[in-house]
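Pasting structure_33.csv here (CSV, C-alpha atoms):
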```
chain,number,residue,atom,x,y,z
G,1,MET,CA,128.4,-40.8,71.2
G,2,THR,CA,128.9,-39.2,74.6
G,3,THR,CA,126.7,-38.8,77.6
G,4,ASP,CA,126.4,-35.7,79.8
G,5,GLN,CA,127.1,-36.5,83.4
G,6,GLN,CA,125.9,-33.1,84.6
G,7,GLY,CA,122.2,-33.6,84.0
G,8,PRO,CA,119.6,-32.0,81.8
G,9,ALA,CA,119.9,-28.5,83.1
G,10,SER,CA,123.6,-28.3,82.1
G,11,GLN,CA,122.7,-29.4,78.6
G,12,SER,CA,120.2,-26.7,78.2
G,13,GLN,CA,122.4,-24.0,79.7
G,14,SER,CA,125.1,-24.9,77.1
G,15,ALA,CA,122.6,-24.3,74.4
G,16,VAL,CA,121.4,-21.1,75.8
G,17,GLU,CA,125.0,-19.8,76.1
G,18,GLY,CA,125.3,-20.5,72.4
G,19,TRP,CA,122.1,-18.5,71.7
G,20,ARG,CA,123.4,-15.6,73.6
G,21,ALA,CA,127.0,-15.7,72.2
G,22,GLY,CA,125.7,-16.2,68.7
G,23,GLN,CA,123.3,-14.0,66.9
G,24,ARG,CA,120.9,-16.4,65.3
G,25,ILE,CA,118.9,-19.6,65.9
G,26,VAL,CA,116.5,-21.5,63.6
G,27,ILE,CA,113.5,-23.3,65.1
G,28,LYS,CA,111.5,-25.9,63.2
G,29,LEU,CA,107.9,-26.6,64.2
G,30,GLY,CA,106.0,-29.5,62.6
G,31,SER,CA,102.4,-29.9,61.7
G,32,ALA,CA,101.7,-32.1,64.7
G,33,LEU,CA,102.6,-29.1,66.9
G,34,MET,CA,101.0,-26.4,64.9
G,35,VAL,CA,97.7,-28.1,64.3
G,36,ASP,CA,95.5,-29.6,67.0
G,37,GLY,CA,94.9,-33.3,66.4
G,38,GLN,CA,91.2,-33.1,67.5
G,39,THR,CA,90.0,-29.8,66.2
G,40,ARG,CA,92.3,-29.7,63.2
G,41,ALA,CA,92.8,-26.0,63.8
G,42,ILE,CA,95.9,-23.9,64.7
G,43,ARG,CA,96.9,-24.1,68.4
G,44,HIS,CA,96.6,-20.4,68.9
G,45,ASP,CA,97.4,-20.2,72.6
G,46,TRP,CA,100.5,-22.4,72.2
G,47,LEU,CA,101.6,-20.4,69.1
G,48,ASN,CA,101.3,-17.2,71.1
G,49,SER,CA,103.6,-18.7,73.8
G,50,VAL,CA,106.2,-19.5,71.1
G,51,CYS,CA,106.1,-15.9,69.9
G,52,ALA,CA,106.5,-14.6,73.4
G,53,ASP,CA,109.7,-16.8,73.7
G,54,ILE,CA,110.9,-15.3,70.4
G,55,LYS,CA,110.3,-11.8,71.7
G,56,ALA,CA,112.3,-12.6,74.8
G,57,LEU,CA,115.2,-13.8,72.6
G,58,ARG,CA,115.0,-10.7,70.5
G,59,ALA,CA,115.2,-8.5,73.6
G,60,ARG,CA,118.6,-9.9,74.4
G,61,GLY,CA,119.9,-9.6,70.8
G,62,THR,CA,119.2,-13.1,69.4
G,63,GLU,CA,117.7,-13.3,66.0
G,64,THR,CA,115.2,-16.1,65.3
G,65,VAL,CA,114.2,-17.8,62.0
G,66,ILE,CA,111.1,-20.0,61.9
G,67,VAL,CA,110.6,-23.1,59.7
G,68,SER,CA,106.9,-23.9,60.0
G,69,SER,CA,104.8,-26.8,58.7
G,70,GLY,CA,101.0,-27.0,58.8
G,71,ALA,CA,99.6,-25.6,55.5
G,72,ILE,CA,98.3,-28.9,54.1
G,73,ALA,CA,97.0,-30.0,57.5
G,74,LEU,CA,95.0,-26.8,57.8
G,75,ALA,CA,93.6,-27.0,54.3
G,76,ARG,CA,92.4,-30.5,54.7
G,77,ARG,CA,90.1,-29.4,57.5
G,78,GLN,CA,89.1,-26.3,55.5
G,79,MET,CA,88.2,-28.3,52.4
G,80,GLY,CA,86.7,-31.2,54.2
G,81,LEU,CA,89.3,-33.7,53.0
G,82,LEU,CA,90.3,-35.3,56.3
G,83,ASP,CA,90.2,-38.9,55.1
G,84,GLY,CA,92.2,-40.8,52.4
G,85,ARG,CA,95.5,-40.0,50.9
G,86,PRO,CA,95.6,-37.0,48.6
G,87,THR,CA,97.3,-37.2,45.2
G,88,LEU,CA,100.3,-35.0,44.4
G,89,ALA,CA,98.1,-32.5,42.6
G,90,GLU,CA,95.7,-32.4,45.6
G,91,LYS,CA,98.6,-31.9,48.0
G,92,GLN,CA,99.9,-29.0,45.8
G,93,ALA,CA,96.4,-27.4,45.8
G,94,LEU,CA,96.0,-28.0,49.6
G,95,ALA,CA,99.4,-26.3,50.2
G,96,ALA,CA,98.3,-23.3,48.2
G,97,ILE,CA,95.1,-23.0,50.2
G,98,GLY,CA,96.5,-23.7,53.6
G,99,GLN,CA,99.6,-21.5,53.4
G,100,ILE,CA,97.4,-18.4,53.6
G,101,GLY,CA,95.9,-19.5,56.9
G,102,LEU,CA,99.2,-20.7,58.2
G,103,TYR,CA,101.0,-17.4,57.5
G,104,ARG,CA,98.0,-15.4,58.8
G,105,ALA,CA,98.3,-17.3,62.1
G,106,TRP,CA,102.0,-16.4,62.4
G,107,GLN,CA,101.5,-12.8,61.3
G,108,GLU,CA,98.8,-12.3,64.0
G,109,ALA,CA,100.7,-14.2,66.8
G,110,LEU,CA,104.0,-12.3,66.1
G,111,GLY,CA,102.1,-9.0,65.7
G,112,GLN,CA,100.7,-9.4,69.3
G,113,HIS,CA,104.3,-9.1,70.5
G,114,GLY,CA,105.3,-6.2,68.3
G,115,LEU,CA,107.1,-8.4,65.8
G,116,VAL,CA,106.8,-8.4,62.0
G,117,ALA,CA,106.5,-11.6,60.0
G,118,ALA,CA,108.1,-12.2,56.6
G,119,GLN,CA,107.1,-15.2,54.5
G,120,PHE,CA,109.6,-17.3,52.5
G,121,LEU,CA,108.5,-20.3,50.4
G,122,LEU,CA,111.5,-22.4,49.3
G,123,THR,CA,112.0,-25.3,46.9
G,124,PRO,CA,115.1,-27.5,46.9
G,125,GLY,CA,116.4,-25.6,43.9
G,126,ASP,CA,116.6,-22.5,46.0
G,127,THR,CA,119.2,-24.3,48.3
G,128,GLU,CA,120.7,-26.9,45.9
G,129,ASN,CA,121.6,-24.4,43.1
G,130,ARG,CA,124.5,-22.4,44.3
G,131,ARG,CA,123.5,-19.1,42.7
G,132,ARG,CA,119.9,-19.4,43.9
G,133,HIS,CA,121.2,-20.3,47.3
G,134,LEU,CA,123.2,-17.1,47.5
G,135,ASN,CA,120.3,-15.0,46.3
G,136,ALA,CA,118.0,-16.6,49.0
G,137,ARG,CA,120.6,-16.0,51.6
G,138,SER,CA,120.9,-12.4,50.7
G,139,ALA,CA,117.2,-11.9,50.9
G,140,LEU,CA,117.1,-13.7,54.3
G,141,GLU,CA,119.9,-11.5,55.6
G,142,ALA,CA,118.2,-8.3,54.5
G,143,THR,CA,114.9,-9.4,56.1
G,144,LEU,CA,116.7,-10.0,59.5
G,145,ALA,CA,118.5,-6.7,59.2
G,146,MET,CA,115.2,-5.0,58.9
G,147,GLY,CA,114.1,-6.6,62.2
G,148,ALA,CA,111.5,-8.9,60.7
G,149,VAL,CA,111.0,-12.6,61.6
G,150,PRO,CA,111.3,-14.9,58.6
G,151,VAL,CA,108.7,-17.7,58.6
G,152,ILE,CA,109.8,-20.3,56.1
G,153,ASN,CA,108.0,-23.3,54.6
G,154,GLU,CA,108.6,-25.6,51.6
G,155,ASN,CA,106.8,-24.3,48.5
G,156,ASP,CA,104.7,-27.5,48.2
G,157,ALA,CA,102.4,-25.9,45.7
G,158,LEU,CA,105.2,-25.9,43.1
G,159,SER,CA,107.4,-28.8,44.3
G,160,VAL,CA,107.1,-32.2,42.7
G,161,THR,CA,107.9,-35.6,44.2
G,162,GLU,CA,111.3,-35.8,42.5
G,163,GLN,CA,112.2,-32.3,43.7
G,164,ARG,CA,111.1,-31.9,47.3
G,165,PHE,CA,112.7,-31.7,50.7
G,166,GLY,CA,109.9,-34.0,51.7
G,167,ASP,CA,110.1,-32.9,55.3
G,168,ASN,CA,110.8,-29.6,57.1
G,169,ASP,CA,113.5,-31.2,59.3
G,170,ARG,CA,116.0,-31.1,56.4
G,171,LEU,CA,114.6,-27.8,55.2
G,172,GLY,CA,115.3,-26.5,58.6
G,173,ALA,CA,118.9,-27.8,58.4
G,174,ARG,CA,119.4,-26.2,55.0
G,175,VAL,CA,118.0,-22.9,56.3
G,176,ALA,CA,120.3,-23.0,59.3
G,177,GLN,CA,123.3,-23.6,57.0
G,178,MET,CA,122.1,-20.7,54.7
G,179,ALA,CA,121.6,-18.4,57.7
G,180,SER,CA,124.9,-19.3,59.4
G,181,ALA,CA,122.9,-20.1,62.5
G,182,SER,CA,124.6,-21.1,65.7
G,183,THR,CA,121.8,-23.5,66.7
G,184,LEU,CA,118.9,-25.4,65.0
G,185,VAL,CA,116.1,-26.6,67.3
G,186,LEU,CA,113.8,-29.3,66.0
G,187,PHE,CA,110.7,-29.3,68.2
G,188,SER,CA,108.9,-32.5,68.1
G,189,ASP,CA,106.7,-34.8,70.2
G,190,ILE,CA,109.7,-36.6,71.7
G,191,GLU,CA,112.4,-35.4,74.2
G,192,GLY,CA,115.3,-36.3,71.8
G,193,LEU,CA,117.1,-39.3,70.6
G,194,PHE,CA,116.7,-42.7,72.3
G,195,THR,CA,118.5,-46.0,71.8
G,196,ALA,CA,115.2,-47.4,70.7
G,197,ASP,CA,111.6,-46.1,70.2
G,198,PRO,CA,110.5,-45.2,73.8
G,199,ARG,CA,106.8,-45.7,72.7
G,200,THR,CA,107.4,-49.4,72.1
G,201,HIS,CA,110.6,-50.2,74.2
G,202,GLU,CA,110.4,-49.6,77.9
G,203,ASP,CA,114.2,-50.0,78.3
G,204,ALA,CA,115.0,-47.3,75.7
G,205,ALA,CA,117.7,-45.0,77.0
G,206,HIS,CA,117.7,-41.2,76.3
G,207,ILE,CA,120.9,-39.9,74.7
G,208,PRO,CA,121.6,-36.4,75.9
G,209,VAL,CA,124.6,-35.5,73.7
G,210,VAL,CA,125.8,-36.8,70.3
G,211,ALA,CA,129.3,-35.8,69.5
G,212,ARG,CA,129.6,-37.7,66.2
G,213,LEU,CA,127.0,-39.0,63.8
G,214,ASP,CA,128.4,-42.4,62.9
G,215,GLU,CA,126.4,-45.3,61.4
G,216,ARG,CA,125.4,-46.6,64.8
G,217,ILE,CA,123.6,-43.3,65.6
G,218,MET,CA,122.1,-43.1,62.1
G,219,ASP,CA,120.6,-46.6,62.5
G,220,MET,CA,118.6,-45.4,65.5
G,221,GLY,CA,116.2,-43.5,63.2
G,222,GLY,CA,112.8,-45.1,62.9
G,223,ALA,CA,109.7,-44.8,60.8
G,224,PRO,CA,107.6,-41.5,60.8
G,225,PRO,CA,104.9,-41.4,63.5
G,226,PRO,CA,101.2,-41.4,62.5
G,227,GLY,CA,99.3,-38.2,62.1
G,228,PHE,CA,100.0,-35.1,60.1
G,229,SER,CA,103.8,-35.3,60.4
G,230,THR,CA,105.8,-36.4,57.4
G,231,GLY,CA,109.0,-36.6,59.4
G,232,GLY,CA,110.4,-39.0,62.0
G,233,MET,CA,113.6,-39.6,63.8
G,234,HIS,CA,115.3,-40.8,60.6
G,235,THR,CA,114.7,-37.4,58.9
G,236,LYS,CA,115.9,-35.6,62.1
G,237,LEU,CA,119.1,-37.5,62.0
G,238,LEU,CA,119.6,-36.6,58.3
G,239,ALA,CA,119.0,-33.0,59.3
G,240,ALA,CA,121.5,-33.3,62.1
G,241,ARG,CA,124.1,-34.5,59.5
G,242,ILE,CA,123.5,-31.4,57.3
G,243,ALA,CA,123.5,-29.0,60.2
G,244,THR,CA,126.5,-30.3,62.1
G,245,ARG,CA,128.6,-30.4,58.9
G,246,ALA,CA,127.7,-26.8,58.5
G,247,GLY,CA,129.1,-26.0,61.9
G,248,THR,CA,125.6,-25.6,63.5
G,249,GLU,CA,124.6,-27.3,66.8
G,250,MET,CA,121.3,-29.1,66.5
G,251,ILE,CA,118.8,-29.8,69.3
G,252,ILE,CA,115.8,-32.2,69.3
G,253,ALA,CA,113.3,-31.4,72.0
G,254,ASP,CA,109.7,-31.9,72.9
G,255,GLY,CA,107.8,-28.8,71.9
G,256,ARG,CA,104.2,-29.7,72.7
G,257,ALA,CA,103.9,-27.7,76.0
G,258,PRO,CA,103.6,-23.9,76.0
G,259,HIS,CA,106.8,-21.8,75.9
G,260,PRO,CA,109.0,-24.5,74.4
G,261,LEU,CA,112.0,-22.2,74.0
G,262,GLN,CA,111.7,-21.0,77.6
G,263,ARG,CA,111.4,-24.6,78.8
G,264,LEU,CA,114.7,-25.5,77.1
G,265,GLU,CA,116.3,-22.6,78.9
G,266,ASP,CA,114.9,-23.9,82.2
G,267,GLY,CA,116.5,-27.3,81.7
G,268,GLU,CA,114.0,-29.3,79.6
G,269,ARG,CA,115.5,-32.7,78.6
G,270,CYS,CA,116.7,-32.8,75.0
G,271,THR,CA,119.4,-34.2,72.7
G,272,ARG,CA,122.2,-32.0,71.5
G,273,PHE,CA,124.1,-32.8,68.4
G,274,LEU,CA,127.5,-31.1,68.6
G,275,PRO,CA,128.7,-29.1,65.5
G,276,ASP,CA,131.7,-30.0,63.4
G,277,ILE,CA,134.3,-27.5,64.5
G,278,HIS,CA,136.1,-28.1,61.2
G,279,ALA,CA,133.1,-27.2,59.0
G,280,GLY,CA,135.3,-25.4,56.4
G,281,THR,CA,134.4,-22.6,54.1
G,282,ALA,CA,130.8,-21.5,53.3
G,283,ARG,CA,131.2,-23.2,49.9
G,284,LYS,CA,132.2,-26.5,51.5
G,285,ARG,CA,129.3,-26.2,54.0
G,286,TRP,CA,126.9,-25.7,51.0
G,287,ILE,CA,128.3,-28.8,49.2
G,288,ALA,CA,128.0,-30.9,52.4
G,289,GLY,CA,124.3,-29.9,52.7
G,290,VAL,CA,123.2,-30.7,49.2
G,291,LEU,CA,120.4,-33.2,49.5
G,292,SER,CA,120.6,-35.0,46.1
G,293,PRO,CA,123.8,-35.2,44.1
G,294,GLU,CA,123.2,-35.1,40.4
G,295,GLY,CA,125.4,-38.2,39.6
G,296,SER,CA,128.3,-40.2,40.8
G,297,LEU,CA,132.0,-41.0,40.2
G,298,THR,CA,133.4,-44.3,41.3
G,299,LEU,CA,137.0,-44.1,42.4
G,300,ASP,CA,139.8,-46.6,42.7
G,301,GLU,CA,141.9,-47.0,45.9
G,302,GLY,CA,144.7,-44.8,44.6
G,303,ALA,CA,142.4,-41.9,43.9
G,304,LEU,CA,140.6,-42.3,47.2
G,305,ALA,CA,143.9,-42.2,49.1
G,306,ALA,CA,145.1,-39.1,47.1
G,307,ILE,CA,142.0,-37.0,47.8
G,308,ARG,CA,142.1,-38.1,51.5
G,309,GLU,CA,145.5,-36.5,51.5
G,310,GLY,CA,144.1,-33.3,50.0
G,311,ALA,CA,144.7,-33.8,46.3
G,312,SER,CA,142.3,-33.0,43.5
G,313,LEU,CA,140.5,-35.8,41.7
G,314,LEU,CA,142.3,-36.8,38.5
G,315,PRO,CA,140.6,-38.7,35.7
G,316,ILE,CA,143.0,-41.6,35.9
G,317,GLY,CA,141.5,-42.6,39.2
G,318,VAL,CA,137.9,-42.8,38.1
G,319,ARG,CA,136.5,-46.2,37.3
G,320,SER,CA,132.9,-45.3,36.2
G,321,VAL,CA,130.6,-42.3,35.8
G,322,GLY,CA,126.9,-42.5,36.9
G,323,GLY,CA,124.0,-40.3,36.1
G,324,HIS,CA,123.8,-37.1,34.0
G,325,PHE,CA,125.3,-33.9,35.4
G,326,LYS,CA,126.7,-30.7,34.2
G,327,ARG,CA,129.8,-28.8,35.2
G,328,GLY,CA,129.2,-27.1,38.5
G,329,ASP,CA,126.8,-29.8,39.8
G,330,VAL,CA,127.4,-31.6,43.0
G,331,VAL,CA,128.3,-35.2,42.4
G,332,ALA,CA,128.7,-38.2,44.8
G,333,LEU,CA,132.0,-39.9,45.2
G,334,LEU,CA,131.8,-43.7,45.6
G,335,ASN,CA,134.5,-46.3,46.5
G,336,HIS,CA,134.9,-49.5,44.5
G,337,HIS,CA,132.2,-51.2,46.6
G,338,GLY,CA,129.7,-48.5,45.5
G,339,LYS,CA,129.5,-46.8,49.0
G,340,ALA,CA,129.3,-43.0,49.1
G,341,ILE,CA,132.4,-41.6,50.7
G,342,GLY,CA,132.0,-38.0,49.9
G,343,ARG,CA,130.9,-35.5,47.3
G,344,GLY,CA,132.2,-32.6,45.3
G,345,VAL,CA,131.6,-30.1,42.5
G,346,ALA,CA,132.2,-31.5,39.0
G,347,GLU,CA,134.6,-29.6,36.7
G,348,TYR,CA,133.3,-31.5,33.7
G,349,SER,CA,129.9,-32.8,32.5
G,350,SER,CA,129.1,-36.5,32.8
G,351,LYS,CA,129.6,-36.9,29.1
G,352,ASP,CA,133.1,-35.4,29.2
G,353,ALA,CA,133.9,-37.3,32.4
G,354,GLN,CA,133.1,-40.6,30.7
G,355,ILE,CA,135.6,-39.7,27.9
G,356,LEU,CA,138.3,-38.7,30.4
G,357,MET,CA,138.0,-41.4,33.0
G,358,GLY,CA,141.0,-43.7,33.3
G,359,HIS,CA,143.3,-41.3,31.3
G,360,ARG,CA,146.3,-39.2,32.2
G,361,LEU,CA,146.4,-35.5,32.5
G,362,GLU,CA,148.4,-35.1,29.3
G,363,GLU,CA,145.8,-36.9,27.3
G,364,MET,CA,142.9,-34.7,28.3
G,365,ASP,CA,143.1,-31.9,25.7
G,366,SER,CA,143.4,-34.3,22.7
G,367,LEU,CA,140.5,-36.5,24.0
G,368,LEU,CA,138.2,-33.5,24.4
G,369,GLY,CA,139.4,-31.3,21.6
G,370,TYR,CA,139.8,-28.3,23.9
G,371,HIS,CA,141.9,-27.2,26.9
G,372,GLY,CA,139.8,-27.5,30.1
G,373,ARG,CA,140.5,-27.9,33.8
G,374,ASN,CA,143.3,-30.0,35.1
G,375,ALA,CA,141.1,-32.2,37.3
G,376,LEU,CA,137.7,-33.6,37.4
G,377,MET,CA,137.2,-32.0,40.9
G,378,ASP,CA,139.3,-29.4,42.6
G,379,HIS,CA,140.5,-30.3,46.1
G,380,ASN,CA,138.8,-27.1,47.4
G,381,SER,CA,135.4,-28.5,46.2
G,382,ILE,CA,135.6,-32.0,47.7
G,383,ILE,CA,133.9,-33.0,51.0
G,384,LEU,CA,134.7,-36.4,52.5
G,385,ASP,CA,132.5,-38.3,55.0
G,386,SER,CA,134.2,-38.8,58.3
```

For the file at hand, write its structure as structure tokens.
Amino acid sequence: MTTDQQGPASQSQSAVEGWRAGQRIVIKLGSALMVDGQTRAIRHDWLNSVCADIKALRARGTETVIVSSGAIALARRQMGLLDGRPTLAEKQALAAIGQIGLYRAWQEALGQHGLVAAQFLLTPGDTENRRRHLNARSALEATLAMGAVPVINENDALSVTEQRFGDNDRLGARVAQMASASTLVLFSDIEGLFTADPRTHEDAAHIPVVARLDERIMDMGGAPPPGFSTGGMHTKLLAARIATRAGTEMIIADGRAPHPLQRLEDGERCTRFLPDIHAGTARKRWIAGVLSPEGSLTLDEGALAAIREGASLLPIGVRSVGGHFKRGDVVALLNHHGKAIGRGVAEYSSKDAQILMGHRLEEMDSLLGYHGRNALMDHNSIILDS
């Protein structure tokens, strides 16, 4: 962790320079910002100010991608279901109902500034599966090339509990990685990361810059706030891990006031998470951003030392295989204490990996009955935690 001795304005100016030098930013806006807590309706004047900021960015050649929550919150008002906790099926129905109004609000607000909105609804499979990820990225690139503004939300009407982003913070991070964005801005109801929750700790100190997401920083995440939001600081830190590993700077800022992007440019206090300058290839950035590995491989000390030196993962160094996965799935790598130390793309299924683990290379063909790959994971498909 570092602190910025030059004050809030210099933090914002650094971010703005990135927006100008780069070509693309992603902004995420949660339900608590999109929907008024009293009237339970879209905050139209505020939304119009956001779109004015987006037009100003476009005028100087910066593309903007929007990740927007609010569909379920809008539908609960529309259907009179303000109290109680909706079931999964009810949430799916509410998402389908509310998404129409949410997109209409964006379409109208952007249209007032001469901008065209494009709707994208994504499920985790659209980012976790490599082929679908590439297809979605191509569609996103084509949309931006046409000059439209992508407005993205999770496809809650089709997602289920076991296969959801669960919050648009991490969706925003995956979109930023997919779009090769220079900056991801998570607008919230807080000015950034603090050493403790400032709502309950008067002595909480604001952290202007995070250079490295170590365990101490991750432990600063708290429970989600009350209201419509399903996120919280914990999910924002998870998003920061995905974004920074992909080489994208991330900013957490208070977005409640009008013109939040312009306010950042003017020096609004925020927290910047610096990108990993060694993010690697697009494939490795995708591996690092996968939310839920399909299984796990537990390694001995020799295998861990070898892959840290850049070697591929050989079956002799694997102690155990967990879960059910196919060749091509992303799998977690664990040390002998069971702690996740990285991840990679499996060259064999979990069934074959169980047969091969603990054996030498020269035994592989006879054990499987066919000639396969020479490693359980290729070194080019392994990402290790720092």

*Which is closest to Val50 of chain G among G:His201, G:His206, G:Arg24, G:Arg263, if we use only C-alpha atoms?*
G:Arg263

*Residues within 8 Å of Val149 of chain G, only C-alpha atoms, excluding chain neighbours under 5 positions, as an MDAnalysis selection string*: chainID G and resid 64:66 115:118 143:144

Residues from last step as file, C-alpha atoms, as a PDB file, in the coordinates of the input:
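Printed below is out.pdb as written:
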```pdb
ATOM      1  CA  THR G  64     115.200 -16.100  65.300  1.00  0.00           C
ATOM      2  CA  VAL G  65     114.200 -17.800  62.000  1.00  0.00           C
ATOM      3  CA  ILE G  66     111.100 -20.000  61.900  1.00  0.00           C
ATOM      4  CA  LEU G 115     107.100  -8.400  65.800  1.00  0.00           C
ATOM      5  CA  VAL G 116     106.800  -8.400  62.000  1.00  0.00           C
ATOM      6  CA  ALA G 117     106.500 -11.600  60.000  1.00  0.00           C
ATOM      7  CA  ALA G 118     108.100 -12.200  56.600  1.00  0.00           C
ATOM      8  CA  THR G 143     114.900  -9.400  56.100  1.00  0.00           C
ATOM      9  CA  LEU G 144     116.700 -10.000  59.500  1.00  0.00           C
TER      10      LEU G 144
END
```

*Would you please work out which residue, of G:Glu249, G:Glu141, G:Glu301, G:Asp189, is nearest to Leu29 of chain G when using all atoms listed in the file?*
G:Asp189

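Nearest residue to Ala196 of chain G among G:Leu237, G:Glu215, G:Ala353, G:Met220 is G:Met220, counting all atoms listed in the file.
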
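If you look at atom CA of Ala303 of chain G and atom CA of Ile316 of chain G, they are 8.0 Å away from each other.
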
Report as a short mmCIF file (atom, residue, chain, number, x, y, z; two decimals) with C-alpha atoms, in the coordinates of the input all protein, DNA and RNA residues lying within 7 Å of Gly70 of chain G, evaluated on all atoms listed in the file, omitting residues in the same chain fewer than 6 positions from it.
```
data_model
loop_
_atom_site.label_atom_id
_atom_site.label_comp_id
_atom_site.auth_asym_id
_atom_site.auth_seq_id
_atom_site.Cartn_x
_atom_site.Cartn_y
_atom_site.Cartn_z
CA GLY G 30 106.00 -29.50 62.60
CA SER G 31 102.40 -29.90 61.70
CA MET G 34 101.00 -26.40 64.90
CA VAL G 35 97.70 -28.10 64.30
CA LEU G 102 99.20 -20.70 58.20
#
```

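Of the listed residues (G:Arg174, G:His379, G:Arg319, G:Arg216), G:Arg319 comes nearest to His336 of chain G; the distances count only C-alpha atoms.
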
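Counting all atoms listed in the file and comparing G:Ala181, G:Cys51, G:Leu57, G:Leu274, the residue that lies closest to Gly111 of chain G is G:Cys51.
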
Extending 3 Å beyond the listed atoms of segment 74-79 of chain G on each side, what axis-aligned box results? I want centre and edge lengths in Å to one decimal, as lines of an AutoDock Vina configuration file.
```
center_x = 91.6
center_y = -28.4
center_z = 55.1
size_x = 12.8
size_y = 10.2
size_z = 11.4
```

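Among the candidates G:Pro150, G:Gly302, G:Gly295, G:Gly310, the one nearest to Ala332 of chain G when counting all atoms listed in the file is G:Gly295.
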
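Relative to atom CA of Gly323 of chain G, atom CA of Gly344 of chain G is found at 14.5 Å.
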
*Glu294 of chain G surroundings by all atoms listed in the file, 8 Å radius, close-in-sequence under 2 positions cut, as a list in words*: Ser292, Ser296, Gly323, His324, Phe325, Asp329, Val330, Val331 and Ala332 of chain G

_Atom-to-atom span, atom CA of Asn153 of chain G and atom CA of His44 of chain G, Å_ = 18.5 Å

_I'd like the neighbourhood of Phe194 of chain G as an NGL selection string, where a residue qualifies if any of its atoms comes within 9 Å (using all atoms listed in the file), though same-chain residues fewer than 6 positions away should be ignored._
:G and (204-208 or 220 or 271)

Selection as an mmCIF file with C-alpha atoms, in the frame of the given file: residues within 9 Å of (126.2, -22.4, 43.3), counting only C-alpha atoms:
```
data_model
loop_
_atom_site.group_PDB
_atom_site.id
_atom_site.type_symbol
_atom_site.label_atom_id
_atom_site.label_comp_id
_atom_site.auth_asym_id
_atom_site.auth_seq_id
_atom_site.Cartn_x
_atom_site.Cartn_y
_atom_site.Cartn_z
ATOM 1 C CA THR G 127 119.200 -24.300 48.300
ATOM 2 C CA GLU G 128 120.700 -26.900 45.900
ATOM 3 C CA ASN G 129 121.600 -24.400 43.100
ATOM 4 C CA ARG G 130 124.500 -22.400 44.300
ATOM 5 C CA ARG G 131 123.500 -19.100 42.700
ATOM 6 C CA ARG G 132 119.900 -19.400 43.900
ATOM 7 C CA HIS G 133 121.200 -20.300 47.300
ATOM 8 C CA LEU G 134 123.200 -17.100 47.500
ATOM 9 C CA ARG G 283 131.200 -23.200 49.900
ATOM 10 C CA TRP G 286 126.900 -25.700 51.000
ATOM 11 C CA ILE G 287 128.300 -28.800 49.200
ATOM 12 C CA GLY G 328 129.200 -27.100 38.500
ATOM 13 C CA ASP G 329 126.800 -29.800 39.800
#
```

*For Ser180 of chain G, list every protein, DNA or RNA residue within 12 Å, evaluated using only C-alpha atoms, and leave out those in the same chain fewer than 2 positions away; present the list as a count of residues only.*
33
